[in-house]
$ cat query-v8.txt   # compact mmCIF, N, CA and C atoms
# COMPACT_ATOMS: atom_id res chain seq x y z
N MET A 1 176.49 9.70 43.79
CA MET A 1 177.17 10.96 44.02
C MET A 1 176.26 12.15 43.72
N LYS A 2 175.46 12.05 42.64
CA LYS A 2 174.57 13.15 42.28
C LYS A 2 173.57 13.44 43.39
N SER A 3 173.02 12.39 44.01
CA SER A 3 172.03 12.60 45.07
C SER A 3 172.65 13.27 46.29
N LEU A 4 173.92 13.05 46.53
CA LEU A 4 174.59 13.72 47.65
C LEU A 4 174.72 15.22 47.41
N LEU A 5 174.84 15.64 46.16
CA LEU A 5 174.95 17.05 45.85
C LEU A 5 173.59 17.74 45.77
N VAL A 6 172.57 17.02 45.39
CA VAL A 6 171.24 17.59 45.24
C VAL A 6 170.65 18.00 46.59
N ALA A 7 170.79 17.17 47.61
CA ALA A 7 170.20 17.47 48.92
C ALA A 7 170.72 18.79 49.49
N PRO A 8 172.05 19.02 49.54
CA PRO A 8 172.51 20.31 50.07
C PRO A 8 172.05 21.49 49.22
N LEU A 9 171.98 21.30 47.90
CA LEU A 9 171.52 22.37 47.02
C LEU A 9 170.06 22.71 47.30
N LEU A 10 169.20 21.72 47.44
CA LEU A 10 167.80 21.96 47.76
C LEU A 10 167.65 22.63 49.11
N PHE A 11 168.44 22.22 50.08
CA PHE A 11 168.40 22.83 51.42
C PHE A 11 168.79 24.30 51.33
N ALA A 12 169.82 24.63 50.56
CA ALA A 12 170.27 26.01 50.42
C ALA A 12 169.21 26.87 49.75
N ILE A 13 168.56 26.34 48.71
CA ILE A 13 167.52 27.09 48.03
C ILE A 13 166.34 27.34 48.96
N THR A 14 165.92 26.33 49.70
CA THR A 14 164.81 26.47 50.64
C THR A 14 165.14 27.48 51.73
N ALA A 15 166.35 27.46 52.25
CA ALA A 15 166.75 28.40 53.30
C ALA A 15 166.75 29.83 52.78
N CYS A 16 167.23 30.03 51.56
CA CYS A 16 167.23 31.38 50.99
C CYS A 16 165.81 31.88 50.76
N ALA A 17 164.93 31.02 50.29
CA ALA A 17 163.54 31.42 50.06
C ALA A 17 162.87 31.77 51.37
N ALA A 18 163.13 31.03 52.42
CA ALA A 18 162.51 31.31 53.72
C ALA A 18 163.03 32.61 54.32
N ALA A 19 164.28 32.95 54.01
CA ALA A 19 164.88 34.15 54.59
C ALA A 19 164.54 35.40 53.80
N ALA A 20 164.05 35.24 52.58
CA ALA A 20 163.75 36.41 51.74
C ALA A 20 162.61 37.21 52.35
N PRO A 21 162.75 38.54 52.44
CA PRO A 21 161.68 39.35 53.01
C PRO A 21 160.47 39.38 52.07
N SER A 22 159.30 39.55 52.65
CA SER A 22 158.08 39.63 51.86
C SER A 22 158.05 40.97 51.13
N SER A 23 157.72 40.93 49.85
CA SER A 23 157.64 42.18 49.10
C SER A 23 156.24 42.79 49.19
N GLN A 24 155.32 42.08 49.84
CA GLN A 24 153.96 42.56 50.00
C GLN A 24 153.92 43.65 51.08
N PRO A 25 153.49 44.86 50.73
CA PRO A 25 153.38 45.90 51.75
C PRO A 25 152.41 45.48 52.85
N SER A 26 152.65 45.98 54.05
CA SER A 26 151.77 45.65 55.16
C SER A 26 151.72 46.81 56.15
N VAL A 27 150.70 46.75 57.00
CA VAL A 27 150.59 47.67 58.13
C VAL A 27 150.32 46.82 59.37
N THR A 28 150.72 47.35 60.51
CA THR A 28 150.44 46.68 61.78
C THR A 28 149.75 47.68 62.69
N LEU A 29 148.64 47.26 63.26
CA LEU A 29 147.87 48.09 64.18
C LEU A 29 147.47 47.23 65.36
N HIS A 30 147.78 47.73 66.54
CA HIS A 30 147.42 47.05 67.79
C HIS A 30 147.85 45.58 67.79
N GLY A 31 149.06 45.35 67.23
CA GLY A 31 149.64 44.01 67.21
C GLY A 31 149.16 43.11 66.09
N LYS A 32 148.25 43.57 65.25
CA LYS A 32 147.72 42.76 64.15
C LYS A 32 148.27 43.27 62.82
N ARG A 33 148.83 42.35 62.03
CA ARG A 33 149.42 42.70 60.73
C ARG A 33 148.40 42.47 59.62
N PHE A 34 148.33 43.43 58.70
CA PHE A 34 147.45 43.36 57.54
C PHE A 34 148.26 43.60 56.28
N THR A 35 148.10 42.76 55.27
CA THR A 35 148.67 43.12 53.98
C THR A 35 147.88 44.35 53.51
N THR A 36 148.53 45.18 52.74
CA THR A 36 147.86 46.42 52.37
C THR A 36 148.16 46.82 50.94
N GLU A 37 147.32 47.66 50.43
CA GLU A 37 147.53 48.34 49.15
C GLU A 37 147.65 49.81 49.49
N PHE A 38 148.57 50.49 48.83
CA PHE A 38 148.74 51.92 49.04
C PHE A 38 147.95 52.71 48.00
N ALA A 39 147.25 53.74 48.44
CA ALA A 39 146.58 54.70 47.57
C ALA A 39 147.27 56.04 47.81
N THR A 40 148.11 56.47 46.86
CA THR A 40 148.97 57.62 47.09
C THR A 40 148.78 58.75 46.08
N THR A 41 147.87 58.58 45.13
CA THR A 41 147.60 59.64 44.15
C THR A 41 146.11 59.98 44.21
N ASP A 42 145.75 61.11 43.64
CA ASP A 42 144.33 61.47 43.62
C ASP A 42 143.49 60.37 42.98
N ALA A 43 143.99 59.79 41.89
CA ALA A 43 143.24 58.75 41.18
C ALA A 43 143.07 57.48 42.03
N THR A 44 144.14 57.03 42.66
CA THR A 44 144.02 55.79 43.46
C THR A 44 143.24 56.03 44.74
N ARG A 45 143.35 57.24 45.30
CA ARG A 45 142.55 57.54 46.50
C ARG A 45 141.07 57.65 46.13
N ALA A 46 140.76 58.22 44.97
CA ALA A 46 139.35 58.34 44.54
C ALA A 46 138.76 56.96 44.26
N ARG A 47 139.52 56.07 43.69
CA ARG A 47 139.04 54.71 43.36
C ARG A 47 138.91 53.86 44.63
N GLY A 48 139.89 53.93 45.50
CA GLY A 48 139.84 53.18 46.75
C GLY A 48 139.44 51.73 46.55
N LEU A 49 138.47 51.28 47.32
CA LEU A 49 137.99 49.90 47.26
C LEU A 49 136.67 49.78 46.47
N MET A 50 136.41 50.76 45.62
CA MET A 50 135.17 50.72 44.83
C MET A 50 135.07 49.44 44.01
N MET A 51 133.84 48.95 43.87
CA MET A 51 133.47 47.83 43.01
C MET A 51 134.01 46.47 43.48
N ARG A 52 134.64 46.42 44.64
CA ARG A 52 135.12 45.13 45.14
C ARG A 52 133.99 44.45 45.91
N THR A 53 133.88 43.16 45.72
CA THR A 53 132.81 42.42 46.37
C THR A 53 133.25 41.78 47.68
N SER A 54 134.56 41.83 47.96
CA SER A 54 135.05 41.28 49.23
C SER A 54 136.39 41.90 49.57
N LEU A 55 136.75 41.77 50.83
CA LEU A 55 138.05 42.20 51.33
C LEU A 55 138.45 41.17 52.37
N ALA A 56 139.55 40.49 52.15
CA ALA A 56 140.00 39.43 53.06
C ALA A 56 140.17 40.00 54.47
N PRO A 57 139.93 39.20 55.50
CA PRO A 57 140.03 39.68 56.89
C PRO A 57 141.41 40.22 57.26
N ASP A 58 142.45 39.78 56.57
CA ASP A 58 143.81 40.24 56.89
C ASP A 58 144.34 41.23 55.85
N HIS A 59 143.43 41.89 55.14
CA HIS A 59 143.82 42.82 54.10
C HIS A 59 143.30 44.22 54.41
N SER A 60 143.96 45.23 53.83
CA SER A 60 143.56 46.62 54.07
C SER A 60 143.96 47.49 52.89
N MET A 61 143.50 48.73 52.93
CA MET A 61 143.98 49.74 51.99
C MET A 61 144.38 50.95 52.81
N LEU A 62 145.60 51.45 52.55
CA LEU A 62 146.11 52.63 53.25
C LEU A 62 146.16 53.80 52.27
N PHE A 63 145.40 54.84 52.60
CA PHE A 63 145.38 56.07 51.83
C PHE A 63 146.42 57.00 52.45
N VAL A 64 147.35 57.46 51.63
CA VAL A 64 148.41 58.35 52.11
C VAL A 64 148.24 59.68 51.40
N PHE A 65 148.17 60.76 52.17
CA PHE A 65 147.98 62.10 51.63
C PHE A 65 149.27 62.90 51.78
N PRO A 66 149.49 63.90 50.91
CA PRO A 66 150.71 64.70 51.00
C PRO A 66 150.70 65.70 52.15
N ASP A 67 149.54 65.89 52.78
CA ASP A 67 149.43 66.85 53.87
C ASP A 67 148.49 66.31 54.95
N THR A 68 148.49 66.99 56.07
CA THR A 68 147.60 66.65 57.16
C THR A 68 146.44 67.64 57.14
N ASP A 69 145.20 67.11 57.10
CA ASP A 69 144.03 67.96 56.99
C ASP A 69 142.81 67.18 57.47
N GLN A 70 141.69 67.87 57.60
CA GLN A 70 140.43 67.17 57.89
C GLN A 70 140.14 66.26 56.69
N ARG A 71 139.75 65.04 56.95
CA ARG A 71 139.45 64.08 55.88
C ARG A 71 138.01 63.63 56.01
N SER A 72 137.42 63.33 54.87
CA SER A 72 136.06 62.81 54.86
C SER A 72 135.97 61.78 53.74
N PHE A 73 135.46 60.62 54.05
CA PHE A 73 135.32 59.55 53.06
C PHE A 73 133.85 59.26 52.82
N TRP A 74 133.56 58.71 51.66
CA TRP A 74 132.21 58.27 51.35
C TRP A 74 132.29 56.88 50.76
N MET A 75 131.14 56.25 50.58
CA MET A 75 131.11 54.85 50.16
C MET A 75 130.52 54.66 48.76
N LYS A 76 130.59 55.70 47.94
CA LYS A 76 130.07 55.62 46.57
C LYS A 76 130.71 54.44 45.84
N ASN A 77 129.88 53.57 45.28
CA ASN A 77 130.33 52.38 44.54
C ASN A 77 131.17 51.41 45.37
N THR A 78 131.12 51.54 46.67
CA THR A 78 131.82 50.59 47.55
C THR A 78 130.78 49.57 47.99
N LEU A 79 131.06 48.31 47.73
CA LEU A 79 130.07 47.26 47.89
C LEU A 79 130.18 46.49 49.21
N ILE A 80 131.20 46.81 49.99
CA ILE A 80 131.44 46.07 51.24
C ILE A 80 131.49 47.04 52.42
N PRO A 81 130.98 46.65 53.57
CA PRO A 81 131.09 47.52 54.75
C PRO A 81 132.53 47.58 55.25
N LEU A 82 132.91 48.74 55.77
CA LEU A 82 134.30 48.97 56.17
C LEU A 82 134.39 49.67 57.52
N ASP A 83 135.55 49.51 58.16
CA ASP A 83 135.99 50.39 59.24
C ASP A 83 136.95 51.37 58.60
N ILE A 84 136.77 52.67 58.89
CA ILE A 84 137.64 53.71 58.34
C ILE A 84 138.36 54.36 59.52
N LEU A 85 139.70 54.23 59.54
CA LEU A 85 140.51 54.71 60.66
C LEU A 85 141.42 55.83 60.17
N TYR A 86 141.43 56.94 60.90
CA TYR A 86 142.18 58.13 60.54
C TYR A 86 143.39 58.29 61.46
N PHE A 87 144.55 58.59 60.85
CA PHE A 87 145.80 58.72 61.59
C PHE A 87 146.46 60.06 61.28
N ASP A 88 147.11 60.64 62.28
CA ASP A 88 147.81 61.91 62.07
C ASP A 88 149.16 61.69 61.40
N ALA A 89 149.95 62.73 61.27
CA ALA A 89 151.24 62.66 60.58
C ALA A 89 152.22 61.73 61.29
N ASP A 90 152.04 61.51 62.60
CA ASP A 90 152.88 60.59 63.36
C ASP A 90 152.33 59.16 63.36
N ARG A 91 151.29 58.93 62.56
CA ARG A 91 150.61 57.64 62.42
C ARG A 91 149.94 57.19 63.73
N LYS A 92 149.46 58.16 64.50
CA LYS A 92 148.67 57.87 65.70
C LYS A 92 147.19 57.94 65.34
N LEU A 93 146.43 56.97 65.81
CA LEU A 93 145.00 56.90 65.52
C LEU A 93 144.28 58.07 66.19
N VAL A 94 143.60 58.89 65.37
CA VAL A 94 142.92 60.07 65.92
C VAL A 94 141.40 60.00 65.80
N SER A 95 140.89 59.12 64.93
CA SER A 95 139.45 59.07 64.72
C SER A 95 139.08 57.75 64.03
N MET A 96 137.85 57.29 64.28
CA MET A 96 137.38 56.05 63.65
C MET A 96 135.92 56.20 63.23
N GLN A 97 135.61 55.66 62.09
CA GLN A 97 134.23 55.49 61.64
C GLN A 97 134.06 53.98 61.45
N LEU A 98 133.24 53.36 62.28
CA LEU A 98 133.17 51.90 62.32
C LEU A 98 131.91 51.36 61.66
N ASP A 99 132.05 50.17 61.09
CA ASP A 99 130.92 49.48 60.45
C ASP A 99 130.18 50.38 59.47
N VAL A 100 130.95 51.06 58.62
CA VAL A 100 130.37 51.96 57.63
C VAL A 100 129.73 51.12 56.52
N PRO A 101 128.43 51.32 56.27
CA PRO A 101 127.74 50.50 55.27
C PRO A 101 128.00 51.00 53.85
N PRO A 102 127.84 50.13 52.86
CA PRO A 102 127.93 50.58 51.47
C PRO A 102 126.84 51.61 51.19
N CYS A 103 127.09 52.46 50.21
CA CYS A 103 126.09 53.44 49.79
C CYS A 103 125.19 52.77 48.75
N LYS A 104 123.90 52.72 49.05
CA LYS A 104 122.96 52.04 48.14
C LYS A 104 122.30 53.01 47.16
N ALA A 105 122.30 54.31 47.47
CA ALA A 105 121.67 55.29 46.57
C ALA A 105 122.23 56.68 46.86
N ASP A 106 122.30 57.49 45.83
CA ASP A 106 122.74 58.88 46.00
C ASP A 106 121.66 59.68 46.71
N PRO A 107 122.01 60.65 47.50
CA PRO A 107 123.37 61.05 47.84
C PRO A 107 123.96 60.12 48.91
N CYS A 108 125.23 59.85 48.78
CA CYS A 108 125.93 58.99 49.74
C CYS A 108 126.34 59.82 50.95
N ALA A 109 126.24 59.22 52.11
CA ALA A 109 126.68 59.88 53.35
C ALA A 109 128.21 60.02 53.33
N THR A 110 128.71 60.99 54.09
CA THR A 110 130.15 61.13 54.26
C THR A 110 130.52 60.76 55.69
N TYR A 111 131.77 60.33 55.86
CA TYR A 111 132.26 59.87 57.15
C TYR A 111 133.56 60.60 57.45
N PRO A 112 133.46 61.70 58.22
CA PRO A 112 134.63 62.54 58.46
C PRO A 112 135.49 62.08 59.64
N SER A 113 136.73 62.56 59.62
CA SER A 113 137.60 62.38 60.78
C SER A 113 137.23 63.44 61.81
N ASN A 114 137.51 63.14 63.05
CA ASN A 114 137.26 64.11 64.13
C ASN A 114 138.46 65.02 64.37
N ALA A 115 139.56 64.74 63.67
CA ALA A 115 140.80 65.51 63.82
C ALA A 115 141.54 65.44 62.49
N PRO A 116 142.48 66.36 62.28
CA PRO A 116 143.26 66.31 61.05
C PRO A 116 143.99 64.97 60.91
N ALA A 117 144.05 64.47 59.67
CA ALA A 117 144.67 63.17 59.40
C ALA A 117 145.52 63.24 58.14
N ARG A 118 146.54 62.41 58.12
CA ARG A 118 147.40 62.27 56.93
C ARG A 118 147.28 60.87 56.32
N TYR A 119 146.91 59.90 57.15
CA TYR A 119 146.76 58.51 56.70
C TYR A 119 145.35 58.04 57.04
N VAL A 120 144.78 57.25 56.15
CA VAL A 120 143.47 56.67 56.40
C VAL A 120 143.56 55.19 56.05
N LEU A 121 143.15 54.35 56.98
CA LEU A 121 143.22 52.91 56.79
C LEU A 121 141.80 52.35 56.70
N GLU A 122 141.53 51.61 55.63
CA GLU A 122 140.25 50.92 55.50
C GLU A 122 140.46 49.44 55.75
N LEU A 123 139.62 48.91 56.61
CA LEU A 123 139.64 47.49 57.00
C LEU A 123 138.25 46.91 56.85
N PRO A 124 138.12 45.59 56.75
CA PRO A 124 136.78 45.01 56.76
C PRO A 124 136.01 45.44 58.02
N ALA A 125 134.73 45.72 57.87
CA ALA A 125 133.91 46.16 59.00
C ALA A 125 134.03 45.17 60.16
N GLY A 126 134.14 45.73 61.36
CA GLY A 126 134.24 44.93 62.57
C GLY A 126 135.65 44.64 63.01
N THR A 127 136.63 44.90 62.15
CA THR A 127 138.03 44.58 62.46
C THR A 127 138.57 45.44 63.59
N ALA A 128 138.30 46.73 63.56
CA ALA A 128 138.84 47.63 64.60
C ALA A 128 138.37 47.19 65.99
N GLY A 129 137.11 46.82 66.10
CA GLY A 129 136.60 46.33 67.39
C GLY A 129 137.22 45.01 67.78
N ARG A 130 137.40 44.13 66.81
CA ARG A 130 137.95 42.80 67.10
C ARG A 130 139.40 42.88 67.60
N ILE A 131 140.18 43.86 67.10
CA ILE A 131 141.57 43.99 67.55
C ILE A 131 141.72 45.02 68.67
N TYR A 132 140.60 45.56 69.13
CA TYR A 132 140.58 46.55 70.22
C TYR A 132 141.38 47.81 69.89
N ALA A 133 141.25 48.29 68.66
CA ALA A 133 141.92 49.54 68.27
C ALA A 133 141.33 50.69 69.07
N THR A 134 142.20 51.57 69.56
CA THR A 134 141.77 52.72 70.34
C THR A 134 142.56 53.95 69.92
N PRO A 135 141.96 55.14 70.09
CA PRO A 135 142.70 56.37 69.77
C PRO A 135 144.05 56.38 70.46
N GLY A 136 145.06 56.83 69.72
CA GLY A 136 146.42 56.86 70.23
C GLY A 136 147.25 55.67 69.75
N ASP A 137 146.60 54.59 69.28
CA ASP A 137 147.35 53.46 68.74
C ASP A 137 148.21 53.93 67.57
N GLU A 138 149.40 53.36 67.45
CA GLU A 138 150.30 53.73 66.36
C GLU A 138 150.22 52.72 65.23
N LEU A 139 150.19 53.23 64.02
CA LEU A 139 150.18 52.41 62.81
C LEU A 139 151.62 52.27 62.32
N THR A 140 152.05 51.04 62.13
CA THR A 140 153.37 50.77 61.56
C THR A 140 153.17 50.39 60.09
N VAL A 141 153.97 51.01 59.22
CA VAL A 141 153.87 50.77 57.79
C VAL A 141 155.13 50.10 57.31
N GLU A 142 154.99 48.97 56.62
CA GLU A 142 156.12 48.27 56.04
C GLU A 142 155.94 48.21 54.53
N GLY A 143 156.99 48.57 53.80
CA GLY A 143 156.93 48.59 52.35
C GLY A 143 157.16 49.99 51.85
N ASN A 144 157.44 50.09 50.58
CA ASN A 144 157.73 51.39 49.96
C ASN A 144 156.43 52.06 49.52
N VAL A 145 156.07 53.11 50.20
CA VAL A 145 154.87 53.85 49.87
C VAL A 145 155.00 54.51 48.50
N GLY A 146 156.21 54.88 48.14
CA GLY A 146 156.43 55.55 46.85
C GLY A 146 156.10 57.03 46.94
N LYS A 147 155.99 57.64 45.79
CA LYS A 147 155.71 59.07 45.71
C LYS A 147 154.25 59.34 46.06
N VAL A 148 154.03 60.29 46.94
CA VAL A 148 152.68 60.68 47.35
C VAL A 148 152.34 61.99 46.64
N GLU A 149 151.26 61.95 45.89
CA GLU A 149 150.87 63.14 45.12
C GLU A 149 149.51 63.64 45.55
$ encode --input "query-v8.txt" --output "structure tokens"
Amino acid sequence: MKSLLVAPLLFAITACAAAAPSSQPSVTLHGKRFTTEFATTDATRARGLMMRTSLAPDHSMLFVFPDTDQRSFWMKNTLIPLDILYFDADRKLVSMQLDVPPCKADPCATYPSNAPARYVLELPAGTAGRIYATPGDELTVEGNVGKVE
């Protein structure tokens, strides 16, 4: 009798776990989903991906700013090459800096947007080309961004 009750209970637990939404924030660009980390404060935006020795192919960092403005990024203490994608307030891709190398010595080069941006997405170098990202593509954000400062 106990085994008859255990099977339905295990099935119910498995079904609930499969139906539970992922709590991992993500972004989708040009049909490709990336887990992401949000950088929403001056401190987290300044730190970015510094000192990391790798970034998984399906991972990203999304920088969220409280306003739309010209943006410029640099690679100080960033050890991995990146694609840096700039998005406007409507999350439309407005500019890209591709295959940006790590900065090996000061002064570090800067990589500006060609248009005002509110969101900046960093991906492993070569990803934007591999997914055929083009200006005008829309970025979809899933997860709670939280307070942007």
$ closest_residue --input "query-v8.txt" --among "A:Ile84, A:Leu49, A:Val148, A:Val141" --to "A:Gly126" --atoms "all atoms listed in the file"
A:Ile84
$ atom_distance --input "query-v8.txt" --atom1 "atom C of A:Pro102" --atom2 "atom CA of A:Ser54"
13.3 Å
$ residues_around --input "query-v8.txt" --residues "A:Gly31" --least-positions-apart "3" --cutoff "8 Å" --atoms "all atoms listed in the file" --output "VMD selection string"
chain A and resid 27 to 28 34 131 138
$ residues_around --input "query-v8.txt" --residues "A:Leu121" --least-positions-apart "3" --cutoff "6 Å" --atoms "only N, CA and C atoms" --output "PDB file with N, CA and C atoms, keeping the file's coordinate frame"
ATOM      1  N   MET A  61     143.500  48.730  52.930  1.00  0.00           N
ATOM      2  CA  MET A  61     143.980  49.740  51.990  1.00  0.00           C
ATOM      3  C   MET A  61     144.380  50.950  52.810  1.00  0.00           C
ATOM      4  N   LEU A  62     145.600  51.450  52.550  1.00  0.00           N
ATOM      5  CA  LEU A  62     146.110  52.630  53.250  1.00  0.00           C
ATOM      6  C   LEU A  62     146.160  53.800  52.270  1.00  0.00           C
ATOM      7  N   PHE A  63     145.400  54.840  52.600  1.00  0.00           N
ATOM      8  CA  PHE A  63     145.380  56.070  51.830  1.00  0.00           C
ATOM      9  C   PHE A  63     146.420  57.000  52.450  1.00  0.00           C
ATOM     10  N   ASP A  83     135.550  49.510  58.160  1.00  0.00           N
ATOM     11  CA  ASP A  83     135.990  50.390  59.240  1.00  0.00           C
ATOM     12  C   ASP A  83     136.950  51.370  58.600  1.00  0.00           C
ATOM     13  N   ILE A  84     136.770  52.670  58.890  1.00  0.00           N
ATOM     14  CA  ILE A  84     137.640  53.710  58.340  1.00  0.00           C
ATOM     15  C   ILE A  84     138.360  54.360  59.520  1.00  0.00           C
ATOM     16  N   LEU A  85     139.700  54.230  59.540  1.00  0.00           N
ATOM     17  CA  LEU A  85     140.510  54.710  60.660  1.00  0.00           C
ATOM     18  C   LEU A  85     141.420  55.830  60.170  1.00  0.00           C
ATOM     19  N   TYR A  86     141.430  56.940  60.900  1.00  0.00           N
ATOM     20  CA  TYR A  86     142.180  58.130  60.540  1.00  0.00           C
ATOM     21  C   TYR A  86     143.390  58.290  61.460  1.00  0.00           C
ATOM     22  N   PHE A  87     144.550  58.590  60.850  1.00  0.00           N
ATOM     23  CA  PHE A  87     145.800  58.720  61.590  1.00  0.00           C
ATOM     24  C   PHE A  87     146.460  60.060  61.280  1.00  0.00           C
TER      25      PHE A  87
END
$ atom_distance --input "query-v8.txt" --atom1 "atom N of A:Pro66" --atom2 "atom N of A:Asp42"
8.6 Å
$ select_by_dssp --input "query-v8.txt" --residues "stretch 73-128 of chain A" --states "strand (DSSP E)" --output "JSON, numbers by chain"
{"A": [73, 74, 82, 83, 84, 85, 86, 87, 93, 94, 95, 96, 97, 98, 99, 100, 110, 111, 112, 117, 118, 119, 120, 121, 122, 123, 124]}
$ closest_atom_pairs --input "query-v8.txt" --of "stretch 16-84 of chain A" --to "stretch 142-145 of chain A" --cutoff "7 Å" --atoms "all atoms listed in the file" --output "tab-separated table"
residue	atom	partner	partner_atom	distance
A:Ser23	C	A:Gly143	CA	6.6
A:Gln24	C	A:Gly143	CA	5.9
A:Pro25	CA	A:Glu142	C	4.4
A:Ser26	C	A:Glu142	N	3.9
A:Val27	CA	A:Glu142	N	4.8
A:Thr28	N	A:Glu142	N	6.0
A:Phe38	CA	A:Val145	CA	6.5
A:Thr40	CA	A:Val145	C	6.9
$ closest_residue --input "query-v8.txt" --among "A:Met50, A:Ile80, A:Leu93, A:Leu55" --to "A:Tyr119" --atoms "only C-alpha atoms"
A:Leu93
$ atom_distance --input "query-v8.txt" --atom1 "atom CA of A:Met51" --atom2 "atom CA of A:Arg71"
21.6 Å
$ closest_residue --input "query-v8.txt" --among "A:Asp106, A:Asp137, A:Glu122, A:Asp69" --to "A:Leu29" --atoms "all atoms listed in the file"
A:Asp137
$ closest_residue --input "query-v8.txt" --among "A:Gln70, A:Thr36, A:Thr134, A:Ser60" --to "A:Pro116" --atoms "all atoms listed in the file"
A:Gln70
$ closest_residue --input "query-v8.txt" --among "A:Lys32, A:Lys92, A:Lys76, A:Lys147" --to "A:Ala109" --atoms "only N, CA and C atoms"
A:Lys76
